Amino acid sequence: MTSERRPSPDLRAAVDWDAARGLGALLAPAGPVDERGVLVAHVEGLRRAASLAVPHVLDVTAMSPADGRDVVDDPGLLSRVHVVDRASWVRAASQGMEVLLGGTAPAPAEGSGTRAPGVVVQAAGAAEVGAALALVSTRVLGQFDPYVARPGDPGRLLLVAPNVLRVGRALDARPDPFALWVALHEQTHALQFAAAPWLAGHLRGRVAALLDDVVGSGAELGRGGPGRRARAWASTLGRVVRAPAGTSLGTRLLSPSQRATMAEIAAVMSLLEGHADVMMDRVGENVVPGVGRIRASFDARRSQRGGAVDTVLRKVLGLDEKLAQYTDGAAFVRGAMIRVGRRRLNAVWDGPENLPTSRELADPAAWVRRVHG
């Protein structure tokens with residue numbers, strides 16, 4: 001007697017995204033409280049900083065939008081700026097995740113062995129995503145999202161007002177310079193995607209390829225007899241145990257080929273974050289008074305570890321890997337600029353073939369040899 005093969009769920013649809021948004025927004029703490037006049041001035045200062053940052057970003061990066069749009073006279077052509085609270089950031093971030101993950105998912109073919117996840121699976125996925133976003137909402141200062149943009153739309157830039165206020169006060173930084181410093185980072189991200197209009201599609205494609213592979217691997221775990229399923233699960237467990245120290249739980253579950261694809265994606269993200277980190281500091285004291293002290297204080301605070309629970313959450317969610325993106329990417333950008341200068345560094349935005357590999361990220365000289373000879 002042959003056993004009936006049960007279809008496996010499409011992992012990209014395993015989240016009730018509306019529920020994740022609602023739960024995450026509900027769990028996100030409100031943030032610091034102050035007099036209404038202070039908060040209104042803070043929000044206005046962030047909007048003003050986002051506009052003031054644009055010409056400085058164009059100057060320090062030596063970049064410009066590929067389509068020639070005049071973002072100096074109209075900064076709104078570089079990004080749509082939204083100053084938000086934590087709950088609003090959760091809703092926006094979950095929408096971006098849904099588009100990046102679910103929006104790339106192909107419809108299951110007839111008889112393909114793939115089934116839609118059940119209500120329980122989707123609810124569990126919503127709880128996990130919502131709780132994670134609520135946690136991150138207390139830390140993120142800003143985010144540029146190119147994935148939900150409509151044709152002709154530059155993408156939205158989110159500045160999380162309560163977090164900028166809290167961190168600025170913790171660093172004892174003057175409000176206006178600190179707001180401008182944060183805006184410089186996010187507008188640099190906006191310029192990266194404007195200068196490389198292929199970049200958002202490239203990242204979506206690489207994420208889709210990784211998810212297709214992961215979904216296929218997940219299907220194998222539920223196929224065949226008990227012996228085959230046990231061997232598949234044992235192989236997955238072995239990858240978790242043997243994964244390099246410091247990697248998140250999600251990364252540990254990937255196969256070697258999947259981890260290689262993830263490393264390729266991580267190299268691009270490291271480039272984006274490191275480039276923005278380097279450029280936001282290049283404006284100098286005349287633009288952001290005390291920029292050196294702000295950077296030193298911010299990096300010291302960024303590297304601090306919390307208690308046991310916080311440490312576990314950072315490992316599971318990959319937040320430690322996120323911190324490494326800034327340092328690794330910044331080291332690559334500085335190393336490449338030392339060798340070929342700022343303008344020739346910008347060759348990374350010419351096409352996907354010029355992006356640094358994960359190995360080149362740690363060896364900028366190798367990237368220079370490959371791209372510039």
# chains A, B, ... in the order shown; residues from 1 in each chain; ligands from 1
>>> residues_around(residues="range 65-68 of chain A", least_positions_apart="4", cutoff="10 Å", atoms="only C-alpha atoms", output="list in words")
Leu58, Leu77, Leu78, Ala190, Leu191, Gln192, Phe193, Ala194, Ala195, Ala196, Pro197, Trp349 and Asp350 of chain A
>>> select_by_dssp(residues="range 82-217 of chain A", states="strand (DSSP E or B)", output="list in words")
His82, Val83, Val84, Thr114, Arg115, Gly142, Gln143, Phe144, Asp145, Arg156, Leu157, Leu158, Leu159 and Val160 of chain A
>>> closest_residue(among="A:Met279, A:Leu184, A:Val60, A:Ile294", to="Leu46 in chain A", atoms="only C-alpha atoms")
A:Leu184
>>> residues_around(residues="Pro364 in chain A", least_positions_apart="5", cutoff="8 Å", atoms="only C-alpha atoms", output="tab-separated table (two decimals) with N, CA, C and O atoms, in the first residue's frame")
chain	number	residue	atom	x	y	z
A	332	PHE	N	34.63	48.03	3.87
A	332	PHE	CA	34.78	47.85	2.42
A	332	PHE	C	34.79	49.20	1.71
A	332	PHE	O	35.63	49.47	0.85
A	333	VAL	N	33.84	50.07	2.06
A	333	VAL	CA	33.74	51.37	1.40
A	333	VAL	C	35.01	52.18	1.63
A	333	VAL	O	35.57	52.77	0.69
A	335	GLY	N	38.01	51.05	2.40
A	335	GLY	CA	39.13	50.41	1.72
A	335	GLY	C	39.12	50.65	0.23
A	335	GLY	O	40.17	50.89	-0.39
A	336	ALA	N	37.93	50.61	-0.39
A	336	ALA	CA	37.83	50.86	-1.83
A	336	ALA	C	38.14	52.31	-2.15
A	336	ALA	O	38.83	52.61	-3.14
>>> residues_around(residues="range 32-45 of chain A", least_positions_apart="5", cutoff="8 Å", atoms="only C-alpha atoms", output="PDB file with all heavy atoms, in the first residue's frame")
ATOM      1  N   VAL A  83       7.245  61.018   8.978  1.00  0.00           N
ATOM      2  CA  VAL A  83       7.678  60.977  10.372  1.00  0.00           C
ATOM      3  C   VAL A  83       6.613  60.200  11.136  1.00  0.00           C
ATOM      4  O   VAL A  83       5.449  60.595  11.169  1.00  0.00           O
ATOM      5  CB  VAL A  83       7.852  62.391  10.942  1.00  0.00           C
ATOM      6  CG1 VAL A  83       8.300  62.319  12.402  1.00  0.00           C
ATOM      7  CG2 VAL A  83       8.863  63.173  10.119  1.00  0.00           C
ATOM      8  N   ALA A 161      10.021  58.988  15.066  1.00  0.00           N
ATOM      9  CA  ALA A 161      10.206  60.154  15.929  1.00  0.00           C
ATOM     10  C   ALA A 161      10.560  59.803  17.373  1.00  0.00           C
ATOM     11  O   ALA A 161      11.508  60.377  17.929  1.00  0.00           O
ATOM     12  CB  ALA A 161       8.957  61.036  15.876  1.00  0.00           C
ATOM     13  N   PRO A 162       9.833  58.906  18.044  1.00  0.00           N
ATOM     14  CA  PRO A 162      10.174  58.653  19.459  1.00  0.00           C
ATOM     15  C   PRO A 162      11.565  58.072  19.641  1.00  0.00           C
ATOM     16  O   PRO A 162      12.230  58.364  20.650  1.00  0.00           O
ATOM     17  CB  PRO A 162       9.086  57.657  19.915  1.00  0.00           C
ATOM     18  CG  PRO A 162       8.529  57.079  18.666  1.00  0.00           C
ATOM     19  CD  PRO A 162       8.642  58.138  17.637  1.00  0.00           C
ATOM     20  N   LEU A 165      14.208  60.843  19.176  1.00  0.00           N
ATOM     21  CA  LEU A 165      14.181  61.693  20.368  1.00  0.00           C
ATOM     22  C   LEU A 165      14.893  61.006  21.532  1.00  0.00           C
ATOM     23  O   LEU A 165      15.745  61.613  22.211  1.00  0.00           O
ATOM     24  CB  LEU A 165      12.735  62.005  20.747  1.00  0.00           C
ATOM     25  CG  LEU A 165      12.521  62.899  21.980  1.00  0.00           C
ATOM     26  CD1 LEU A 165      13.096  64.278  21.752  1.00  0.00           C
ATOM     27  CD2 LEU A 165      11.026  62.982  22.309  1.00  0.00           C
ATOM     28  N   ARG A 166      14.581  59.723  21.756  1.00  0.00           N
ATOM     29  CA  ARG A 166      15.160  59.000  22.896  1.00  0.00           C
ATOM     30  C   ARG A 166      16.668  58.820  22.742  1.00  0.00           C
ATOM     31  O   ARG A 166      17.428  59.058  23.681  1.00  0.00           O
ATOM     32  CB  ARG A 166      14.481  57.634  23.030  1.00  0.00           C
ATOM     33  CG  ARG A 166      15.042  56.768  24.155  1.00  0.00           C
ATOM     34  CD  ARG A 166      14.275  55.461  24.263  1.00  0.00           C
ATOM     35  NE  ARG A 166      14.350  54.706  23.027  1.00  0.00           N
ATOM     36  CZ  ARG A 166      15.344  53.889  22.707  1.00  0.00           C
ATOM     37  NH1 ARG A 166      16.392  53.767  23.524  1.00  0.00           N
ATOM     38  NH2 ARG A 166      15.320  53.204  21.582  1.00  0.00           N
ATOM     39  N   PRO A 175      19.422  68.485  19.348  1.00  0.00           N
ATOM     40  CA  PRO A 175      18.346  67.889  18.539  1.00  0.00           C
ATOM     41  C   PRO A 175      18.508  68.081  17.030  1.00  0.00           C
ATOM     42  O   PRO A 175      18.392  67.120  16.261  1.00  0.00           O
ATOM     43  CB  PRO A 175      17.090  68.593  19.065  1.00  0.00           C
ATOM     44  CG  PRO A 175      17.436  69.010  20.451  1.00  0.00           C
ATOM     45  CD  PRO A 175      18.889  69.351  20.420  1.00  0.00           C
ATOM     46  N   ASP A 176      18.760  69.313  16.580  1.00  0.00           N
ATOM     47  CA  ASP A 176      18.801  69.555  15.135  1.00  0.00           C
ATOM     48  C   ASP A 176      19.977  68.848  14.452  1.00  0.00           C
ATOM     49  O   ASP A 176      19.790  68.192  13.416  1.00  0.00           O
ATOM     50  CB  ASP A 176      18.831  71.056  14.855  1.00  0.00           C
ATOM     51  CG  ASP A 176      17.486  71.713  15.114  1.00  0.00           C
ATOM     52  OD1 ASP A 176      16.484  70.981  15.239  1.00  0.00           O
ATOM     53  OD2 ASP A 176      17.435  72.956  15.198  1.00  0.00           O
ATOM     54  N   ALA A 179      19.164  65.076  14.339  1.00  0.00           N
ATOM     55  CA  ALA A 179      18.119  64.775  13.358  1.00  0.00           C
ATOM     56  C   ALA A 179      18.687  64.811  11.943  1.00  0.00           C
ATOM     57  O   ALA A 179      18.367  63.947  11.108  1.00  0.00           O
ATOM     58  CB  ALA A 179      16.965  65.768  13.496  1.00  0.00           C
TER      59      ALA A 179
END
>>> atom_distance(atom1="CA of Gly22 in chain A", atom2="CA of Leu211 in chain A")
25.0 Å
>>> residues_around(residues="Asp18 in chain A", least_positions_apart="4", cutoff="10 Å", atoms="only C-alpha atoms", output="ChimeraX atom specification")
/A:22-24,91,94-95,98,126,130
>>> write_last_selection(atoms="all heavy atoms", output="PDB file, in the first residue's frame")
ATOM      1  N   GLY A  22      -1.495  44.272  13.058  1.00  0.00           N
ATOM      2  CA  GLY A  22      -2.282  44.670  14.216  1.00  0.00           C
ATOM      3  C   GLY A  22      -1.616  44.313  15.526  1.00  0.00           C
ATOM      4  O   GLY A  22      -1.561  45.120  16.457  1.00  0.00           O
ATOM      5  N   LEU A  23      -1.073  43.102  15.603  1.00  0.00           N
ATOM      6  CA  LEU A  23      -0.428  42.669  16.832  1.00  0.00           C
ATOM      7  C   LEU A  23       0.842  43.466  17.091  1.00  0.00           C
ATOM      8  O   LEU A  23       1.099  43.912  18.221  1.00  0.00           O
ATOM      9  CB  LEU A  23      -0.104  41.174  16.748  1.00  0.00           C
ATOM     10  CG  LEU A  23       0.633  40.592  17.957  1.00  0.00           C
ATOM     11  CD1 LEU A  23      -0.225  40.709  19.207  1.00  0.00           C
ATOM     12  CD2 LEU A  23       1.020  39.136  17.696  1.00  0.00           C
ATOM     13  N   GLY A  24       1.672  43.638  16.060  1.00  0.00           N
ATOM     14  CA  GLY A  24       2.909  44.385  16.236  1.00  0.00           C
ATOM     15  C   GLY A  24       2.654  45.812  16.675  1.00  0.00           C
ATOM     16  O   GLY A  24       3.343  46.341  17.558  1.00  0.00           O
ATOM     17  N   ARG A  91       3.501  48.926  11.045  1.00  0.00           N
ATOM     18  CA  ARG A  91       2.576  48.703   9.925  1.00  0.00           C
ATOM     19  C   ARG A  91       3.289  48.866   8.588  1.00  0.00           C
ATOM     20  O   ARG A  91       3.100  48.073   7.663  1.00  0.00           O
ATOM     21  CB  ARG A  91       1.396  49.665  10.028  1.00  0.00           C
ATOM     22  CG  ARG A  91       0.536  49.489  11.282  1.00  0.00           C
ATOM     23  CD  ARG A  91      -0.697  50.375  11.237  1.00  0.00           C
ATOM     24  NE  ARG A  91      -1.411  50.377  12.501  1.00  0.00           N
ATOM     25  CZ  ARG A  91      -1.289  51.306  13.435  1.00  0.00           C
ATOM     26  NH1 ARG A  91      -0.472  52.341  13.231  1.00  0.00           N
ATOM     27  NH2 ARG A  91      -1.967  51.228  14.566  1.00  0.00           N
ATOM     28  N   SER A  94       5.902  45.977   8.044  1.00  0.00           N
ATOM     29  CA  SER A  94       5.267  44.701   7.708  1.00  0.00           C
ATOM     30  C   SER A  94       4.730  44.715   6.284  1.00  0.00           C
ATOM     31  O   SER A  94       4.757  43.693   5.590  1.00  0.00           O
ATOM     32  CB  SER A  94       4.131  44.400   8.697  1.00  0.00           C
ATOM     33  OG  SER A  94       3.095  45.365   8.582  1.00  0.00           O
ATOM     34  N   GLN A  95       4.280  45.877   5.832  1.00  0.00           N
ATOM     35  CA  GLN A  95       3.842  45.975   4.442  1.00  0.00           C
ATOM     36  C   GLN A  95       5.009  45.763   3.491  1.00  0.00           C
ATOM     37  O   GLN A  95       4.895  45.046   2.484  1.00  0.00           O
ATOM     38  CB  GLN A  95       3.195  47.341   4.189  1.00  0.00           C
ATOM     39  CG  GLN A  95       2.630  47.484   2.784  1.00  0.00           C
ATOM     40  CD  GLN A  95       2.101  48.875   2.516  1.00  0.00           C
ATOM     41  OE1 GLN A  95       2.358  49.813   3.290  1.00  0.00           O
ATOM     42  NE2 GLN A  95       1.367  49.037   1.438  1.00  0.00           N
ATOM     43  N   GLU A  98       5.844  42.127   3.462  1.00  0.00           N
ATOM     44  CA  GLU A  98       4.849  41.355   2.716  1.00  0.00           C
ATOM     45  C   GLU A  98       5.092  41.454   1.218  1.00  0.00           C
ATOM     46  O   GLU A  98       5.019  40.462   0.490  1.00  0.00           O
ATOM     47  CB  GLU A  98       3.441  41.862   3.053  1.00  0.00           C
ATOM     48  CG  GLU A  98       2.338  41.077   2.357  1.00  0.00           C
ATOM     49  CD  GLU A  98       0.958  41.598   2.711  1.00  0.00           C
ATOM     50  OE1 GLU A  98       0.858  42.659   3.367  1.00  0.00           O
ATOM     51  OE2 GLU A  98      -0.018  40.938   2.323  1.00  0.00           O
ATOM     52  N   ALA A 126       1.916  35.146  12.168  1.00  0.00           N
ATOM     53  CA  ALA A 126       1.580  36.533  12.495  1.00  0.00           C
ATOM     54  C   ALA A 126       2.091  36.907  13.880  1.00  0.00           C
ATOM     55  O   ALA A 126       2.611  38.009  14.087  1.00  0.00           O
ATOM     56  CB  ALA A 126       0.067  36.738  12.413  1.00  0.00           C
ATOM     57  N   GLY A 130       4.790  39.756  14.216  1.00  0.00           N
ATOM     58  CA  GLY A 130       4.319  40.919  14.954  1.00  0.00           C
ATOM     59  C   GLY A 130       5.154  41.208  16.180  1.00  0.00           C
ATOM     60  O   GLY A 130       5.516  42.362  16.453  1.00  0.00           O
TER      61      GLY A 130
END
>>> residues_around(residues="Gly341 in chain A", least_positions_apart="5", cutoff="12 Å", atoms="only C-alpha atoms", output="list in words")
Thr61, Ala62, Val333, Arg334, Gly335, Ala336, Asn346, Ala347, Val368 and His372 of chain A
>>> write_last_selection(atoms="all heavy atoms", output="mmCIF file, in the first residue's frame")
data_model
loop_
_atom_site.group_PDB
_atom_site.id
_atom_site.type_symbol
_atom_site.label_atom_id
_atom_site.label_comp_id
_atom_site.auth_asym_id
_atom_site.auth_seq_id
_atom_site.Cartn_x
_atom_site.Cartn_y
_atom_site.Cartn_z
ATOM 1 N N THR A 61 28.507 61.948 -1.636
ATOM 2 C CA THR A 61 28.547 60.667 -2.354
ATOM 3 C C THR A 61 29.039 60.811 -3.786
ATOM 4 O O THR A 61 29.453 59.824 -4.397
ATOM 5 C CB THR A 61 27.161 60.023 -2.399
ATOM 6 O OG1 THR A 61 26.256 60.884 -3.119
ATOM 7 C CG2 THR A 61 26.622 59.767 -0.998
ATOM 8 N N ALA A 62 28.969 62.021 -4.350
ATOM 9 C CA ALA A 62 29.257 62.239 -5.779
ATOM 10 C C ALA A 62 28.350 61.373 -6.635
ATOM 11 O O ALA A 62 28.743 60.887 -7.698
ATOM 12 C CB ALA A 62 30.731 61.956 -6.093
ATOM 13 N N VAL A 333 33.844 50.068 2.057
ATOM 14 C CA VAL A 333 33.739 51.368 1.396
ATOM 15 C C VAL A 333 35.010 52.183 1.629
ATOM 16 O O VAL A 333 35.567 52.771 0.689
ATOM 17 C CB VAL A 333 32.491 52.120 1.902
ATOM 18 C CG1 VAL A 333 32.508 53.574 1.442
ATOM 19 C CG2 VAL A 333 31.226 51.432 1.407
ATOM 20 N N ARG A 334 35.487 52.213 2.856
ATOM 21 C CA ARG A 334 36.720 52.974 3.137
ATOM 22 C C ARG A 334 37.912 52.374 2.398
ATOM 23 O O ARG A 334 38.728 53.104 1.833
ATOM 24 C CB ARG A 334 36.975 52.997 4.640
ATOM 25 C CG ARG A 334 35.937 53.778 5.441
ATOM 26 C CD ARG A 334 36.385 53.957 6.884
ATOM 27 N NE ARG A 334 35.337 54.592 7.677
ATOM 28 C CZ ARG A 334 34.505 53.934 8.485
ATOM 29 N NH1 ARG A 334 34.620 52.625 8.607
ATOM 30 N NH2 ARG A 334 33.573 54.575 9.152
ATOM 31 N N GLY A 335 38.009 51.054 2.398
ATOM 32 C CA GLY A 335 39.126 50.408 1.719
ATOM 33 C C GLY A 335 39.117 50.652 0.226
ATOM 34 O O GLY A 335 40.167 50.895 -0.392
ATOM 35 N N ALA A 336 37.930 50.612 -0.388
ATOM 36 C CA ALA A 336 37.833 50.860 -1.830
ATOM 37 C C ALA A 336 38.144 52.310 -2.154
ATOM 38 O O ALA A 336 38.827 52.610 -3.141
ATOM 39 C CB ALA A 336 36.444 50.478 -2.331
ATOM 40 N N ASN A 346 31.850 54.381 -6.887
ATOM 41 C CA ASN A 346 30.462 54.412 -7.329
ATOM 42 C C ASN A 346 30.176 53.477 -8.488
ATOM 43 O O ASN A 346 29.018 53.338 -8.905
ATOM 44 C CB ASN A 346 30.054 55.844 -7.697
ATOM 45 C CG ASN A 346 29.912 56.731 -6.468
ATOM 46 O OD1 ASN A 346 29.739 56.228 -5.361
ATOM 47 N ND2 ASN A 346 30.002 58.037 -6.660
ATOM 48 N N ALA A 347 31.198 52.801 -9.016
ATOM 49 C CA ALA A 347 30.955 51.765 -10.017
ATOM 50 C C ALA A 347 30.101 50.637 -9.465
ATOM 51 O O ALA A 347 29.488 49.887 -10.234
ATOM 52 C CB ALA A 347 32.280 51.200 -10.531
ATOM 53 N N VAL A 368 38.472 45.846 -6.336
ATOM 54 C CA VAL A 368 39.101 46.838 -7.201
ATOM 55 C C VAL A 368 39.768 46.150 -8.389
ATOM 56 O O VAL A 368 39.628 46.591 -9.538
ATOM 57 C CB VAL A 368 40.126 47.672 -6.411
ATOM 58 C CG1 VAL A 368 40.959 48.535 -7.358
ATOM 59 C CG2 VAL A 368 39.410 48.562 -5.392
ATOM 60 N N HIS A 372 37.991 47.275 -11.659
ATOM 61 C CA HIS A 372 38.783 48.348 -12.265
ATOM 62 C C HIS A 372 40.104 47.870 -12.875
ATOM 63 O O HIS A 372 40.829 48.689 -13.443
ATOM 64 C CB HIS A 372 39.079 49.422 -11.210
ATOM 65 C CG HIS A 372 37.856 50.176 -10.781
ATOM 66 N ND1 HIS A 372 37.174 51.038 -11.615
ATOM 67 C CD2 HIS A 372 37.180 50.181 -9.601
ATOM 68 C CE1 HIS A 372 36.145 51.564 -10.957
ATOM 69 N NE2 HIS A 372 36.124 51.056 -9.741
#
>>> residues_around(residues="Ala300 in chain A", least_positions_apart="6", cutoff="12 Å", atoms="only C-alpha atoms", output="VMD selection string")
chain A and resid 170 to 171 293 to 294 323
>>> atom_distance(atom1="CA of Val348 in chain A", atom2="CA of Gly292 in chain A")
26.9 Å
>>> closest_residue(among="A:Asp73, A:Asp277, A:Glu128, A:Glu353", to="His189 in chain A", atoms="only C-alpha atoms")
A:Asp277
>>> closest_residue(among="A:Ala149, A:Leu135, A:Val81, A:Val167", to="Gly96 in chain A", atoms="only C-alpha atoms")
A:Ala149
